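Student: The following block contains the structure, expressed as structure tokens.
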2 protein chains.
Amino acid sequence: MAAATEHFRLYGYEKTTVSDLASAIGYSKAYIYKFFDSKQAIGEVICANSVQGILAAVEQSVAAATTASDQIRQMFRSLIDASITLFLADRKLYDIALVAVRDRWPLVTAFEEQIKATLAQILKRGRKSGEFERKTPLDETVSALFLVIAPYVNPLLLPHNLDNAKQATVLLPSLILRSLAP
Amino acid sequence: MAAATEHFRLYGYEKTTVSDLASAIGYSKAYIYKFFDSKQAIGEVICANSVQGILAAVEQSVAAATTASDQIRQMFRSLIDASITLFLADRKLYDIALVAVRDRWPLVTAFEEQIKATLAQILKRGRKSGEFERKTPLDETVSALFLVIAPYVNPLLLPHNLDNAKQATVLLPSLILRSLAP
């Protein structure tokens with residue numbers, strides 16, 4: 001995995017074949033296929049690590065917040081920050097994320113579902129505590145909040161949206177909290 | 001202009017030079033330079049027509065709405081619809097919009113300022129009529145609303161965001177109207 005990651009980092013994911021990878025690492029193609037069904041299976045492991053890193057950062061920031069309102073702010077901040085960090089850290093490796101989203105790898109759906117589940121959890125807490133309004137169906141609010149944050153997380157959009165990210169981290173949670181007011 | 005538009009439509013804007021254009025149209029390069037300083041100057045005229053079309057659609061939909069709340073809904077709907085129509089109508093010509101945004105042609109800034117001015121006008125009306133809250137600084141609300149709509153209008157983002165557009169047209173104005181409630 002380390003050798004494959006390094007190879008993708010240097011030559012990009014899309015242009016590399018399993019044969020390229022095998023000869024670069026010094027194993028036979030057959031040996032690699034013993035462990036991975038396809039190049040995508042290797043890409044999925046690398047991508048899953050990044051996704052886990054982002055989700056861990058979000059979970060940590062949400063756990064540290066004391067109110068549901070603060071959780072909304074912290075979640076937006078950590079999610080945008082972690083996504084930008086991943087993009088800036090290694091643009092060639094980021095190509096894997098682009099392919100993952102374009103081809104709808106299962107982990108992309110799983111990631112989105114996890115983000116929505118965390119949003120739903122925060123909203124339920126805020127509705128229970130009286131911080132948030134309860135009239136709008138929970139699903140609708142979750143979907144709307146997800147739409148607002150997606151352009152700063154989705155790898156197809158984020159690279160074109162970096163100029164707005166700093167302003168977004170401040171203005172969007174404020175707008176969302178106004179929309180959630182009882 | 002018609003011949004240049006047709007040429008860009010067939011061969012794309014980026015790959016065409018003024019020489020290509022001149023020989024395709026049957027004029028000399030010098031003749032074209034009599035009217036246009038550069039290829040960009042030709043692109044700007046084509047782009048300005050599209051921008052005018054979008055702004056006219058927005059203006060019309062806002063004028064037809066009876067309340068500030070309805071104006072917000074109509075503005076979002078017409079702006080997203082007009083942007084998608086432009087993208088779907090001719091993807092090769094849409095390349096000009098991509099270049100315009102990437103290189104920050106003056107008309108891009110003018111377009112953004114016009115959208116913000118229309119938003120400010122609607123917000124002022126709604127604040128006056130009591131439909132909208134008045135605590136948040138007007139500039140902050142305008143910037144936040146612009147951030148929410150931008151991913152469905154900005155030519156760098158919209159093509160990657162088409163799947164969300166239909167949901168966005170409904171959910172985002174509703175979220176925004178909740179955020180504007182007094």
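Going through the structure tokens in order, the chains are called A, B, and so on, while each chain numbers its residues from 1 and the ligands are numbered from 1 in the order shown.
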Tell me, as an mmCIF file with N, CA and C atoms, in the first residue's frame, which residues lie within 9 Å of Lys92 in chain B, counting only C-alpha atoms; anything in the same chain fewer than 3 positions away does not count.
Tutor:
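Saved as out.cif:
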```cif
data_model
loop_
_atom_site.group_PDB
_atom_site.id
_atom_site.type_symbol
_atom_site.label_atom_id
_atom_site.label_comp_id
_atom_site.auth_asym_id
_atom_site.auth_seq_id
_atom_site.Cartn_x
_atom_site.Cartn_y
_atom_site.Cartn_z
ATOM 1 N N PHE B 8 -16.241 29.361 -32.812
ATOM 2 C CA PHE B 8 -15.965 28.915 -31.440
ATOM 3 C C PHE B 8 -16.857 27.732 -31.068
ATOM 4 N N ARG B 9 -18.098 27.771 -31.572
ATOM 5 C CA ARG B 9 -19.047 26.699 -31.276
ATOM 6 C C ARG B 9 -18.524 25.363 -31.820
ATOM 7 N N LEU B 10 -17.887 25.419 -32.974
ATOM 8 C CA LEU B 10 -17.392 24.187 -33.603
ATOM 9 C C LEU B 10 -16.032 23.761 -33.060
ATOM 10 N N TYR B 11 -15.136 24.727 -32.860
ATOM 11 C CA TYR B 11 -13.750 24.364 -32.547
ATOM 12 C C TYR B 11 -13.309 24.730 -31.139
ATOM 13 N N GLY B 12 -14.186 25.385 -30.409
ATOM 14 C CA GLY B 12 -13.822 25.783 -29.045
ATOM 15 C C GLY B 12 -13.087 27.112 -29.047
ATOM 16 N N TYR B 13 -13.163 27.798 -27.923
ATOM 17 C CA TYR B 13 -12.571 29.127 -27.812
ATOM 18 C C TYR B 13 -11.062 29.057 -27.574
ATOM 19 N N ASP B 95 -17.231 27.061 -22.866
ATOM 20 C CA ASP B 95 -15.788 27.201 -22.599
ATOM 21 C C ASP B 95 -15.380 28.664 -22.418
ATOM 22 N N ILE B 96 -16.050 29.541 -23.157
ATOM 23 C CA ILE B 96 -15.714 30.969 -23.046
ATOM 24 C C ILE B 96 -16.012 31.445 -21.629
#
```
Student: Once chain B is fitted onto chain A by least squares over all its in-order Cα atoms, send the moved chain as a compact mmCIF listing (two decimals) with C-alpha atoms, in the first residue's frame.
Tutor:
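Output saved as selection_22.txt:
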```
# COMPACT_ATOMS: atom_id res chain seq x y z
CA MET B 1 -0.02 0.00 0.01
CA ALA B 2 2.78 2.44 0.91
CA ALA B 3 4.56 1.73 -2.38
CA ALA B 4 1.32 2.07 -4.35
CA THR B 5 0.50 5.36 -2.62
CA GLU B 6 3.96 6.68 -3.41
CA HIS B 7 3.63 5.59 -7.03
CA PHE B 8 0.24 7.30 -7.41
CA ARG B 9 1.66 10.37 -5.69
CA LEU B 10 4.38 10.63 -8.34
CA TYR B 11 2.57 9.51 -11.48
CA GLY B 12 -1.10 10.02 -10.73
CA TYR B 13 -3.82 7.43 -10.29
CA GLU B 14 -5.56 7.62 -13.65
CA LYS B 15 -2.46 7.07 -15.80
CA THR B 16 -1.08 4.16 -13.76
CA THR B 17 -1.98 0.56 -14.61
CA VAL B 18 -1.61 -2.44 -12.33
CA SER B 19 1.29 -3.55 -14.58
CA ASP B 20 3.07 -0.20 -14.07
CA LEU B 21 2.53 -0.55 -10.38
CA ALA B 22 3.77 -4.14 -10.26
CA SER B 23 7.01 -3.40 -12.09
CA ALA B 24 7.64 -0.21 -10.08
CA ILE B 25 7.17 -2.06 -6.80
CA GLY B 26 9.11 -5.11 -7.94
CA TYR B 27 6.30 -7.66 -7.65
CA SER B 28 4.49 -9.55 -10.39
CA LYS B 29 1.06 -8.41 -11.56
CA ALA B 30 -0.31 -11.80 -10.43
CA TYR B 31 1.03 -11.22 -6.92
CA ILE B 32 -0.77 -7.87 -6.68
CA TYR B 33 -4.00 -9.47 -7.92
CA LYS B 34 -3.71 -11.94 -5.03
CA PHE B 35 -4.49 -9.07 -2.66
CA PHE B 36 -6.47 -6.62 -4.78
CA ASP B 37 -9.18 -7.33 -7.35
CA SER B 38 -8.37 -4.22 -9.38
CA LYS B 39 -6.60 -0.89 -9.40
CA GLN B 40 -9.79 0.59 -7.98
CA ALA B 41 -9.53 -1.72 -4.97
CA ILE B 42 -6.11 -0.20 -4.21
CA GLY B 43 -7.47 3.31 -4.78
CA GLU B 44 -10.36 2.56 -2.44
CA VAL B 45 -8.02 1.69 0.42
CA ILE B 46 -6.10 4.95 -0.02
CA CYS B 47 -9.34 6.89 -0.32
CA ALA B 48 -10.87 5.21 2.70
CA ASN B 49 -7.91 6.35 4.81
CA SER B 50 -8.51 9.97 3.76
CA VAL B 51 -12.24 9.68 4.40
CA GLN B 52 -11.56 8.23 7.85
CA GLY B 53 -9.23 11.14 8.57
CA ILE B 54 -11.87 13.70 7.64
CA LEU B 55 -14.61 11.93 9.59
CA ALA B 56 -12.37 11.64 12.65
CA ALA B 57 -11.63 15.38 12.53
CA VAL B 58 -15.35 16.14 12.27
CA GLU B 59 -16.25 13.75 15.08
CA GLN B 60 -13.61 15.23 17.35
CA SER B 61 -14.68 18.82 16.73
CA VAL B 62 -18.36 17.99 17.25
CA ALA B 63 -17.62 16.09 20.46
CA ALA B 64 -15.69 19.08 21.82
CA ALA B 65 -18.58 21.53 21.25
CA THR B 66 -20.93 22.22 24.14
CA THR B 67 -24.18 23.22 22.39
CA ALA B 68 -25.88 22.08 19.19
CA SER B 69 -25.30 25.56 17.70
CA ASP B 70 -21.62 25.31 18.46
CA GLN B 71 -21.58 21.81 16.98
CA ILE B 72 -22.92 23.21 13.69
CA ARG B 73 -20.15 25.82 13.61
CA GLN B 74 -17.44 23.32 14.54
CA MET B 75 -18.68 20.74 12.07
CA PHE B 76 -18.62 23.21 9.17
CA ARG B 77 -15.22 24.51 10.14
CA SER B 78 -13.60 21.10 10.62
CA LEU B 79 -15.17 19.61 7.50
CA ILE B 80 -14.05 22.47 5.27
CA ASP B 81 -10.59 22.64 6.89
CA ALA B 82 -9.99 18.89 6.60
CA SER B 83 -11.12 18.85 2.96
CA ILE B 84 -8.86 21.75 2.03
CA THR B 85 -5.92 20.21 3.90
CA LEU B 86 -6.38 16.98 1.97
CA PHE B 87 -6.51 18.84 -1.34
CA LEU B 88 -3.46 21.00 -0.62
CA ALA B 89 -1.44 18.15 0.88
CA ASP B 90 -1.10 16.23 -2.34
CA ARG B 91 -2.83 17.16 -5.56
CA LYS B 92 -1.79 14.04 -7.41
CA LEU B 93 -3.24 11.80 -4.73
CA TYR B 94 -6.36 14.00 -4.74
CA ASP B 95 -6.97 12.64 -8.26
CA ILE B 96 -8.10 9.42 -6.60
CA ALA B 97 -10.84 11.35 -4.80
CA LEU B 98 -11.93 12.89 -8.11
CA VAL B 99 -12.23 9.45 -9.69
CA ALA B 100 -14.01 8.12 -6.59
CA VAL B 101 -16.69 10.82 -6.82
CA ARG B 102 -16.98 10.70 -10.60
CA ASP B 103 -17.43 6.92 -10.59
CA ARG B 104 -19.51 6.92 -7.37
CA TRP B 105 -17.36 4.43 -5.44
CA PRO B 106 -19.39 2.96 -2.55
CA LEU B 107 -17.24 4.78 0.02
CA VAL B 108 -18.39 8.13 -1.39
CA THR B 109 -22.01 7.30 -0.63
CA ALA B 110 -20.98 5.97 2.79
CA PHE B 111 -19.11 9.23 3.50
CA GLU B 112 -22.11 11.35 2.50
CA GLU B 113 -24.42 9.22 4.64
CA GLN B 114 -22.11 9.60 7.62
CA ILE B 115 -22.04 13.40 7.24
CA LYS B 116 -25.84 13.46 6.98
CA ALA B 117 -26.14 11.19 10.04
CA THR B 118 -23.93 13.56 12.06
CA LEU B 119 -26.00 16.54 10.87
CA ALA B 120 -29.22 14.74 11.87
CA GLN B 121 -27.79 13.95 15.30
CA ILE B 122 -26.85 17.60 15.92
CA LEU B 123 -30.25 18.80 14.68
CA LYS B 124 -32.09 16.37 16.95
CA ARG B 125 -30.06 17.55 19.91
CA GLY B 126 -30.78 21.21 19.09
CA ARG B 127 -34.47 20.53 18.57
CA LYS B 128 -34.64 18.77 21.91
CA SER B 129 -32.80 21.51 23.79
CA GLY B 130 -34.97 24.21 22.19
CA GLU B 131 -32.05 25.78 20.30
CA PHE B 132 -33.52 24.87 16.90
CA GLU B 133 -36.98 25.10 15.33
CA ARG B 134 -38.99 21.90 14.96
CA LYS B 135 -41.41 22.75 12.15
CA THR B 136 -39.30 21.81 9.14
CA PRO B 137 -39.12 18.04 8.51
CA LEU B 138 -35.76 16.81 9.78
CA ASP B 139 -34.91 15.19 6.44
CA GLU B 140 -35.46 18.44 4.59
CA THR B 141 -33.18 20.36 6.95
CA VAL B 142 -30.48 17.69 6.70
CA SER B 143 -30.62 17.75 2.88
CA ALA B 144 -30.53 21.56 2.74
CA LEU B 145 -27.56 21.79 5.12
CA PHE B 146 -25.76 19.10 3.15
CA LEU B 147 -26.31 21.07 -0.08
CA VAL B 148 -24.83 24.18 1.53
CA ILE B 149 -21.66 22.43 2.72
CA ALA B 150 -21.15 20.13 -0.29
CA PRO B 151 -19.35 22.69 -2.54
CA TYR B 152 -16.56 22.87 0.08
CA VAL B 153 -16.23 19.11 0.50
CA ASN B 154 -17.00 17.51 -2.88
CA PRO B 155 -13.62 16.99 -4.62
CA LEU B 156 -15.12 18.01 -7.98
CA LEU B 157 -16.16 21.40 -6.59
CA LEU B 158 -13.70 22.29 -3.82
CA PRO B 159 -10.66 22.97 -6.06
CA HIS B 160 -12.69 25.67 -7.87
CA ASN B 161 -14.06 27.06 -4.64
CA LEU B 162 -10.97 27.69 -2.51
CA ASP B 163 -11.24 31.48 -2.80
CA ASN B 164 -14.63 31.38 -1.08
CA ALA B 165 -13.73 28.85 1.60
CA LYS B 166 -12.53 31.25 4.29
CA GLN B 167 -15.61 33.46 4.00
CA ALA B 168 -17.81 30.37 3.81
CA THR B 169 -16.48 28.97 7.10
CA VAL B 170 -17.79 32.08 8.87
CA LEU B 171 -20.85 33.17 6.88
CA LEU B 172 -22.49 29.83 6.10
CA PRO B 173 -22.77 28.47 9.67
CA SER B 174 -24.17 31.87 10.74
CA LEU B 175 -26.76 31.77 7.97
CA ILE B 176 -27.61 28.19 8.88
CA LEU B 177 -27.98 28.99 12.57
CA ARG B 178 -30.34 31.84 11.67
CA SER B 179 -32.35 29.38 9.57
CA LEU B 180 -32.50 26.97 12.52
CA ALA B 181 -33.67 29.56 15.06
CA PRO B 182 -37.00 28.60 16.70
```
Student: Could you give me the residues within range 9-95 of chain A that DSSP places in alpha helix (DSSP H), as a ChimeraX atom specification?
Tutor: /A:9-11,18-25,29-35,39-64,68-89,91-95
